[in-house]
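File shown: entry-v9.txt (compact mmCIF, C-alpha atoms).
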```
# COMPACT_ATOMS: atom_id res chain seq x y z
CA MET N 1404 0.00 0.00 0.00
CA GLN N 1405 1.31 3.44 -0.90
CA ARG N 1406 2.26 5.65 2.01
CA ARG N 1407 2.79 9.38 2.18
CA GLN N 1408 5.65 10.45 4.41
CA LEU N 1409 6.89 13.72 5.83
CA LEU N 1410 10.34 13.42 4.27
CA ALA N 1411 10.95 16.83 2.78
CA LEU N 1412 12.66 18.36 5.79
CA THR N 1413 14.74 15.29 6.46
CA ILE N 1414 15.96 15.22 2.87
CA VAL N 1415 16.78 18.91 3.01
CA PHE N 1416 18.90 18.76 6.12
CA THR N 1417 20.46 15.36 5.65
CA ALA N 1418 22.30 17.02 2.82
CA SER N 1419 23.05 20.08 4.93
CA LEU N 1420 24.53 18.06 7.79
CA GLN N 1421 26.89 16.04 5.61
CA GLY N 1422 29.66 17.13 3.32
CA CYS N 1423 30.98 13.92 1.81
CA GLY N 1424 30.56 12.64 -1.70
CA ILE N 1425 31.41 15.87 -3.51
CA SER N 1426 33.91 15.62 -6.30
CA SER N 1427 37.32 17.18 -5.89
CA SER N 1428 38.84 19.96 -7.98
CA GLU N 1429 42.31 21.25 -8.70
CA SER N 1430 41.97 23.77 -5.87
CA ASP N 1431 41.59 20.94 -3.35
CA ILE N 1432 45.04 19.64 -4.19
CA ASN N 1433 46.69 22.93 -3.21
CA LEU N 1434 44.68 23.40 -0.03
CA LYS N 1435 46.89 23.77 3.04
CA PRO N 1436 45.72 22.64 6.49
CA THR N 1437 45.36 24.90 9.51
CA LYS N 1438 45.58 23.37 12.99
CA ALA N 1439 42.11 22.46 14.23
CA THR N 1440 40.33 19.67 16.10
CA ALA N 1441 37.02 17.88 15.91
CA LEU N 1442 34.80 16.91 18.83
CA LEU N 1443 33.76 13.27 19.05
CA ARG N 1444 30.28 12.92 20.57
CA SER N 1445 30.17 9.22 21.35
CA ASP N 1446 26.96 9.74 23.34
CA ILE N 1447 25.05 10.47 20.13
CA GLU N 1448 27.42 8.90 17.58
CA SER N 1449 28.29 12.23 16.08
CA ILE N 1450 31.43 14.11 15.08
CA VAL N 1451 31.44 17.90 15.37
CA TYR N 1452 33.61 19.62 12.77
CA PRO N 1453 34.53 23.33 12.56
CA LEU N 1454 32.07 23.91 9.71
CA ASP N 1455 29.21 22.61 11.81
CA LYS N 1456 28.88 25.91 13.65
CA TYR N 1457 27.62 27.40 10.40
CA SER N 1458 25.22 24.55 9.64
CA VAL N 1459 21.99 23.22 11.11
CA SER N 1460 22.46 21.23 14.31
CA THR N 1461 20.42 18.15 15.18
CA ASP N 1462 18.50 20.07 17.86
CA GLU N 1463 17.75 22.88 15.42
CA LEU N 1464 16.63 20.39 12.81
CA ASN N 1465 14.20 18.92 15.31
CA ILE N 1466 12.60 22.33 15.84
CA ILE N 1467 12.35 23.04 12.13
CA GLU N 1468 10.91 19.63 11.35
CA ARG N 1469 8.41 19.94 14.18
CA ALA N 1470 7.32 23.37 12.89
CA GLY N 1471 6.87 21.93 9.42
CA SER N 1472 4.72 19.11 10.80
CA ILE N 1473 2.57 21.61 12.70
CA LYS N 1474 2.02 23.66 9.56
CA ILE N 1475 1.00 20.61 7.55
CA GLN N 1476 -1.31 19.38 10.29
CA GLU N 1477 -3.04 22.76 10.55
CA CYS N 1478 -3.28 23.14 6.78
CA MET N 1479 -4.84 19.70 6.37
CA SER N 1480 -7.33 20.34 9.18
CA GLU N 1481 -8.32 23.72 7.75
CA ASN N 1482 -9.08 22.03 4.44
CA GLY N 1483 -11.26 19.30 5.91
CA TYR N 1484 -8.70 16.55 6.50
CA PRO N 1485 -7.91 16.45 10.24
CA ILE N 1486 -4.74 14.48 10.97
CA ASP N 1487 -2.36 14.19 13.92
CA LEU N 1488 1.30 14.56 13.01
CA ILE N 1489 2.47 16.07 16.29
CA GLY N 1490 1.00 13.62 18.78
CA THR N 1491 3.57 10.94 17.92
CA PHE N 1492 6.35 13.16 16.58
CA LYS N 1493 9.77 11.95 17.74
CA ASP N 1494 12.91 14.05 17.76
CA ARG N 1495 16.05 12.64 16.25
CA ILE N 1496 18.86 12.19 18.77
CA SER N 1497 21.75 11.52 16.45
CA SER N 1498 22.82 11.86 12.87
CA ALA N 1499 24.76 8.60 13.36
CA GLU N 1500 27.82 9.80 11.51
CA ARG N 1501 30.34 7.21 10.36
CA PRO N 1502 32.66 9.01 7.96
CA TYR N 1503 35.45 6.64 8.99
CA GLY N 1504 33.38 3.54 9.52
CA ILE N 1505 32.05 2.07 12.74
CA TRP N 1506 33.68 3.57 15.83
CA LEU N 1507 31.61 2.86 18.94
CA MET N 1508 32.25 -0.36 20.86
CA ASP N 1509 28.73 -0.69 22.30
CA THR N 1510 27.25 -0.42 18.82
CA ALA N 1511 29.71 -2.96 17.46
CA ARG N 1512 28.83 -5.46 20.18
CA GLN N 1513 25.10 -5.08 19.63
CA PHE N 1514 24.70 -4.42 15.93
CA ALA N 1515 28.07 -5.27 14.31
CA TYR N 1516 28.12 -2.95 11.27
CA GLY N 1517 24.39 -2.24 11.45
CA ARG N 1518 22.60 0.63 13.11
CA PRO N 1519 19.97 0.86 15.83
CA GLU N 1520 16.64 1.84 14.32
CA GLN N 1521 15.34 5.34 14.86
CA ASP N 1522 11.66 6.14 14.52
CA LEU N 1523 11.94 9.77 13.54
CA GLY N 1524 9.69 12.67 12.74
CA ALA N 1525 6.01 12.51 11.97
CA PRO N 1526 4.35 9.12 11.50
CA GLN N 1527 3.78 7.62 8.07
CA LEU N 1528 0.30 8.15 6.73
CA GLU N 1529 -1.52 5.67 4.57
CA SER N 1530 -2.70 7.22 1.34
CA LYS N 1531 -6.41 7.78 1.22
CA THR N 1532 -8.41 9.32 -1.58
CA PRO N 1533 -6.89 11.20 -4.53
CA GLU N 1534 -8.39 14.34 -3.02
CA PHE N 1535 -6.62 13.70 0.29
CA ASN N 1536 -3.33 13.09 -1.48
CA HIS N 1537 -3.73 16.25 -3.56
CA GLN N 1538 -4.40 18.31 -0.44
CA TRP N 1539 -1.42 16.71 1.33
CA ASP N 1540 0.91 17.66 -1.50
CA SER N 1541 -0.49 21.18 -1.51
CA CYS N 1542 -0.04 21.58 2.25
CA LEU N 1543 3.46 20.15 2.06
CA ARG N 1544 4.48 22.71 -0.55
CA GLU N 1545 2.87 25.50 1.44
CA ALA N 1546 4.34 24.47 4.79
CA ILE N 1547 7.84 23.62 3.64
CA PRO N 1548 8.90 25.80 0.72
CA SER N 1549 12.45 24.75 -0.08
CA SER N 1550 13.68 28.34 -0.32
CA ASP N 1551 12.64 29.04 3.26
CA TYR N 1552 14.57 26.09 4.62
CA GLY N 1553 17.77 26.57 2.67
CA ALA N 1554 17.21 23.43 0.62
CA ASP N 1555 20.16 24.05 -1.65
CA ARG N 1556 22.41 21.05 -2.11
CA ASN N 1557 25.14 23.44 -3.20
CA ALA N 1558 25.01 25.40 0.04
CA LEU N 1559 28.39 26.79 1.02
CA THR N 1560 28.97 24.46 3.93
CA ILE N 1561 28.31 21.46 1.69
CA GLN N 1562 30.76 22.69 -0.92
CA LEU N 1563 33.47 23.47 1.61
CA ALA N 1564 33.01 20.25 3.56
CA GLY N 1565 33.37 18.33 0.31
CA LYS N 1566 36.58 20.14 -0.55
CA ALA N 1567 37.99 19.55 2.91
CA ASN N 1568 37.07 15.88 2.75
CA SER N 1569 38.71 15.52 -0.65
CA ALA N 1570 41.90 17.21 0.53
CA ALA N 1571 41.97 15.16 3.72
CA ARG N 1572 41.71 11.90 1.79
CA LYS N 1573 44.86 12.82 -0.12
CA ASP N 1574 46.80 13.85 3.00
CA PRO N 1575 49.81 11.53 3.56
CA GLN N 1576 48.92 11.18 7.23
CA THR N 1577 45.43 9.96 6.26
CA VAL N 1578 46.91 7.37 3.92
CA LYS N 1579 49.21 6.08 6.65
CA LEU N 1580 46.43 5.92 9.23
CA ILE N 1581 44.16 3.95 6.93
CA GLU N 1582 46.93 1.53 6.02
CA LYS N 1583 47.71 0.97 9.70
CA TRP N 1584 44.05 0.44 10.59
CA LYS N 1585 43.48 -2.01 7.74
CA SER N 1586 46.61 -3.93 8.67
CA CYS N 1587 45.39 -4.21 12.24
CA LEU N 1588 41.94 -5.40 11.22
CA GLN N 1589 43.36 -7.88 8.73
CA SER N 1590 45.50 -9.34 11.49
CA HIS N 1591 42.22 -10.05 13.34
CA GLY N 1592 40.59 -11.80 10.39
CA GLY N 1593 39.13 -8.91 8.45
CA SER N 1594 39.44 -8.65 4.67
CA PHE N 1595 38.59 -6.04 2.03
CA ASP N 1596 37.42 -6.42 -1.55
CA GLY N 1597 37.23 -2.74 -2.49
CA THR N 1598 33.44 -2.56 -2.31
CA ASP N 1599 33.30 -0.47 0.86
CA PRO N 1600 36.48 1.18 2.17
CA TRP N 1601 35.18 1.15 5.75
CA SER N 1602 33.46 -2.23 6.00
CA PRO N 1603 35.31 -5.53 5.63
CA VAL N 1604 33.83 -8.43 3.71
CA GLU N 1605 32.93 -10.13 6.99
CA ALA N 1606 30.46 -7.33 7.78
CA MET N 1607 28.03 -9.10 5.44
CA GLY N 1608 28.61 -12.54 6.92
CA ASP N 1609 26.83 -14.33 9.74
CA LYS N 1610 26.00 -12.29 12.83
CA GLU N 1611 28.57 -13.90 15.11
CA THR N 1612 31.41 -13.29 12.66
CA ALA N 1613 30.24 -9.77 11.86
CA ILE N 1614 30.15 -8.83 15.55
CA ARG N 1615 33.57 -10.35 16.21
CA ILE N 1616 35.14 -8.41 13.33
CA ALA N 1617 33.25 -5.23 14.24
CA VAL N 1618 34.60 -5.39 17.80
CA SER N 1619 38.12 -5.90 16.46
CA ASP N 1620 37.56 -3.02 14.04
CA VAL N 1621 36.65 -0.61 16.81
CA GLN N 1622 39.43 -1.91 19.06
CA CYS N 1623 42.00 -1.27 16.32
CA LYS N 1624 40.69 2.27 15.92
CA GLU N 1625 40.65 2.92 19.65
CA ASP N 1626 44.21 1.65 20.09
CA MET N 1627 45.54 4.10 17.51
CA ASN N 1628 43.11 6.96 18.24
CA PHE N 1629 42.11 6.57 14.61
CA VAL N 1630 38.80 8.44 14.46
CA GLN N 1631 40.05 11.48 16.38
CA GLN N 1632 43.13 11.75 14.18
CA MET N 1633 41.13 11.35 10.98
CA ALA N 1634 38.55 13.91 12.10
CA ASP N 1635 41.28 16.35 13.11
CA ILE N 1636 42.91 16.11 9.70
CA GLU N 1637 39.62 16.88 8.00
CA SER N 1638 38.98 19.69 10.48
CA SER N 1639 42.34 21.24 9.65
CA TYR N 1640 41.32 21.63 6.02
CA GLN N 1641 37.91 22.92 7.02
CA ALA N 1642 39.60 25.57 9.17
CA THR N 1643 41.54 26.88 6.18
CA LEU N 1644 38.39 27.07 4.07
CA ILE N 1645 36.50 28.82 6.86
CA LYS N 1646 39.09 31.59 6.92
CA GLU N 1647 38.77 32.00 3.16
CA ASN N 1648 34.96 31.98 3.13
CA GLU N 1649 33.92 33.42 6.47
CA ALA N 1650 31.66 36.14 5.07
CA GLY N 1651 29.64 33.69 3.04
CA LEU N 1652 29.42 31.24 5.93
CA LEU N 1653 28.16 33.93 8.28
CA ALA N 1654 25.53 34.93 5.74
CA GLN N 1655 24.40 31.32 5.44
CA ARG N 1656 24.21 30.99 9.21
CA GLN N 1657 22.12 34.15 9.38
CA THR N 1658 19.61 32.61 6.98
CA ILE N 1659 19.44 29.52 9.19
CA GLU N 1660 18.91 31.70 12.27
CA GLU N 1661 16.00 33.46 10.59
CA THR N 1662 14.45 30.13 9.62
CA LEU N 1663 14.97 28.80 13.14
CA LYS N 1664 13.36 31.89 14.66
CA GLY N 1665 10.25 31.42 12.55
CA ALA N 1666 10.11 27.70 13.35
CA THR N 1667 10.50 28.35 17.06
CA GLU N 1668 7.60 30.81 16.97
CA VAL N 1669 5.40 28.21 15.26
CA VAL N 1670 6.25 25.56 17.84
CA THR N 1671 5.86 27.93 20.79
CA THR N 1672 2.47 29.16 19.58
CA PHE N 1673 1.23 25.63 19.00
CA SER N 1674 2.46 24.42 22.41
CA GLY N 1675 0.76 27.33 24.19
CA ARG N 1676 -2.69 26.48 22.95
```

Hey, can you dump this file as structure tokens for me?
Amino acid sequence: MQRRQLLALTIVFTASLQGCGISSSESDINLKPTKATALLRSDIESIVYPLDKYSVSTDELNIIERAGSIKIQECMSENGYPIDLIGTFKDRISSAERPYGIWLMDTARQFAYGRPEQDLGAPQLESKTPEFNHQWDSCLREAIPSSDYGADRNALTIQLAGKANSAARKDPQTVKLIEKWKSCLQSHGGSFDGTDPWSPVEAMGDKETAIRIAVSDVQCKEDMNFVQQMADIESSYQATLIKENEAGLLAQRQTIEETLKGATEVVTTFSGR
């Protein structure tokens, strides 16, 4: 059965919170690092990079998504289709970032290379009549115009994070760290076939083997402080790009602040009723 989901906001900000997967350019090769560090948030499986201060945080995303759900709910009700999106709305607690593969021991022991499920945002709604679906689409467009929420996949933070990531991958220190990590994991029975640079072949095997290799994977990384070093290298390139693009980044952050202010007002008004 077809289902209609409140995915627009999630799609918008999933892109905004991640900077990987962007192709490199000649300018990336000449990028010089500036000393900087990243913050590892093991409590929420998240890594905080320097560029993140100019982007949308998880808590801010929750507010914006909640405001969007409220607007859709009110729009649908006003047009004769009462629904409840807010009653079971659940905030996200983590973006579950793994730019350098699995890195938390508790997760490895429970899920191997998998992830704990998160039931996020507004509930899924079963499609009803064509009229209901048409009204839903109309309310979605009205409540969540992409321009208002900065839904630009070429936003400055995305571009810069991609450049920093590309430069970091070419850094000699990165190459050495990855070689050392892979050697460690291979000594514990892990193997790679080039399909996924961060997951060994055994990740797709039986659960017992996958967990054993995952635990060894994390242990190798912990012993060499792998994730912190990798994140710091990437942060160092982000720091250079921040200096070169600070005006644009501040302007982008201002747009986010304005959006957040409006979303907060929507949520506050709704909660006070």

Neighbouring residues of stretch 1537-1546 of chain N were defined as those with any atom within 7 Å, considering only C-alpha atoms; residues of the same chain fewer than 6 positions away were excluded. Please report them as an mmCIF file with C-alpha atoms, keeping the file's coordinate frame.
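Output file result_15.cif is given in full below:
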```
data_model
loop_
_atom_site.group_PDB
_atom_site.id
_atom_site.type_symbol
_atom_site.label_atom_id
_atom_site.label_comp_id
_atom_site.auth_asym_id
_atom_site.auth_seq_id
_atom_site.Cartn_x
_atom_site.Cartn_y
_atom_site.Cartn_z
ATOM 1 C CA GLY N 1471 6.870 21.930 9.420
ATOM 2 C CA LYS N 1474 2.020 23.660 9.560
ATOM 3 C CA ILE N 1475 1.000 20.610 7.550
ATOM 4 C CA CYS N 1478 -3.280 23.140 6.780
ATOM 5 C CA MET N 1479 -4.840 19.700 6.370
#
```

(message) Please report the interatomic distance between atom CA of N:Gln1631 and atom CA of N:Lys1566 in Å with one decimal.
(response)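 Atom CA of N:Lys1566 lies at a distance of 19.3 Å from atom CA of N:Gln1631.
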
(request) Counting only C-alpha atoms, select every polymer residue within 12 Å of (43.7, 4.4, 12.1) as defined in the file's coordinates, and provide the selection as a ChimeraX atom specification. (result) /N:1503-1506,1576-1588,1601,1620-1634,1636

(message) I want to know what sits within 10 Å of N:Ala1617, based on all atoms listed in the file, with residues of the same chain fewer than 2 positions away left out; could you give that as a list in words?
(response)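 Everything that qualifies: Gly1504, Ile1505, Trp1506, Leu1507, Met1508, Thr1510, Ala1511, Arg1512, Gln1513, Phe1514, Ala1515, Tyr1516, Gly1517, Leu1588, Gly1593, Ser1602, Pro1603, Glu1605, Ala1606, Glu1611, Thr1612, Ala1613, Ile1614, Arg1615, Ser1619, Asp1620, Val1621, Gln1622 and Cys1623 of chain N.
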
Would you put the residues from that selection into a file with C-alpha atoms, as a PDB file, in the coordinates of the input?
```
ATOM      1  CA  GLY N1504      33.380   3.540   9.520  1.00  0.00           C
ATOM      2  CA  ILE N1505      32.050   2.070  12.740  1.00  0.00           C
ATOM      3  CA  TRP N1506      33.680   3.570  15.830  1.00  0.00           C
ATOM      4  CA  LEU N1507      31.610   2.860  18.940  1.00  0.00           C
ATOM      5  CA  MET N1508      32.250  -0.360  20.860  1.00  0.00           C
ATOM      6  CA  THR N1510      27.250  -0.420  18.820  1.00  0.00           C
ATOM      7  CA  ALA N1511      29.710  -2.960  17.460  1.00  0.00           C
ATOM      8  CA  ARG N1512      28.830  -5.460  20.180  1.00  0.00           C
ATOM      9  CA  GLN N1513      25.100  -5.080  19.630  1.00  0.00           C
ATOM     10  CA  PHE N1514      24.700  -4.420  15.930  1.00  0.00           C
ATOM     11  CA  ALA N1515      28.070  -5.270  14.310  1.00  0.00           C
ATOM     12  CA  TYR N1516      28.120  -2.950  11.270  1.00  0.00           C
ATOM     13  CA  GLY N1517      24.390  -2.240  11.450  1.00  0.00           C
ATOM     14  CA  LEU N1588      41.940  -5.400  11.220  1.00  0.00           C
ATOM     15  CA  GLY N1593      39.130  -8.910   8.450  1.00  0.00           C
ATOM     16  CA  SER N1602      33.460  -2.230   6.000  1.00  0.00           C
ATOM     17  CA  PRO N1603      35.310  -5.530   5.630  1.00  0.00           C
ATOM     18  CA  GLU N1605      32.930 -10.130   6.990  1.00  0.00           C
ATOM     19  CA  ALA N1606      30.460  -7.330   7.780  1.00  0.00           C
ATOM     20  CA  GLU N1611      28.570 -13.900  15.110  1.00  0.00           C
ATOM     21  CA  THR N1612      31.410 -13.290  12.660  1.00  0.00           C
ATOM     22  CA  ALA N1613      30.240  -9.770  11.860  1.00  0.00           C
ATOM     23  CA  ILE N1614      30.150  -8.830  15.550  1.00  0.00           C
ATOM     24  CA  ARG N1615      33.570 -10.350  16.210  1.00  0.00           C
ATOM     25  CA  SER N1619      38.120  -5.900  16.460  1.00  0.00           C
ATOM     26  CA  ASP N1620      37.560  -3.020  14.040  1.00  0.00           C
ATOM     27  CA  VAL N1621      36.650  -0.610  16.810  1.00  0.00           C
ATOM     28  CA  GLN N1622      39.430  -1.910  19.060  1.00  0.00           C
ATOM     29  CA  CYS N1623      42.000  -1.270  16.320  1.00  0.00           C
TER      30      CYS N1623
END
```

(request) Extract, using only C-alpha atoms, all DNA, RNA and protein residues at most 7 Å from N:Ala1441, discarding same-chain residues fewer than 3 positions from it, and format them as a list of chain:residue names. (result) N:Ile1450, N:Val1451, N:Tyr1452, N:Pro1453, N:Ala1634, N:Asp1635, N:Ser1638

(message) Could you check the closest approach to N:Lys1493 for each of N:Glu1534, N:Glu1468, N:Glu1649, N:Asp1446 and tell me which residue wins, using all atoms listed in the file?
(response) N:Glu1468

(message) Would you compute the distance between atom CA of N:Thr1461 and atom CA of N:Asp1494? Give it in Å to one decimal.
(response)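 Between these atoms lies a distance of 8.9 Å.
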
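Closest approach to N:Ala1654 among N:Met1607, N:Ile1489, N:Ala1558, N:Ala1642: N:Ala1558, based on all atoms listed in the file.
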
(message) Report, in Å with one decimal, the straight-line distance from atom CA of N:Arg1572 to atom CA of N:Tyr1640.
(response)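 Answer for the atom CA of N:Arg1572 to atom CA of N:Tyr1640 separation: 10.6 Å.
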
(request) May I ask which of the residues N:Ala1571, N:Thr1643, N:Val1459, N:Phe1535 is the closest one to N:Ser1480, counting all atoms listed in the file? (result) N:Phe1535

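For the point (12.8, 25.2, 12.8) in file coordinates, the residues within 9 Å, using all atoms listed in the file, are N:Glu1463, N:Leu1464, N:Asn1465, N:Ile1466, N:Ile1467, N:Glu1468, N:Arg1469, N:Ala1470, N:Gly1471, N:Tyr1552, N:Ile1659, N:Glu1660, N:Thr1662, N:Leu1663, N:Lys1664, N:Gly1665, N:Ala1666, N:Thr1667, N:Glu1668, N:Val1669, N:Val1670.
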
(message) Neighbouring residues of N:Leu1653 were defined as those with any atom within 12 Å, considering only C-alpha atoms; residues of the same chain fewer than 3 positions away were excluded. Please report them as a PyMOL selection string.
(response) chain N and resi 1454-1458+1559-1560+1645-1650+1656-1660

(request) Could you check which of N:Asp1596, N:Ser1639, N:Asp1509, N:Asp1609 is closest to N:Asp1574, using all atoms listed in the file? (result)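 Of the candidates, the smallest distance to N:Asp1574 is held by N:Ser1639.
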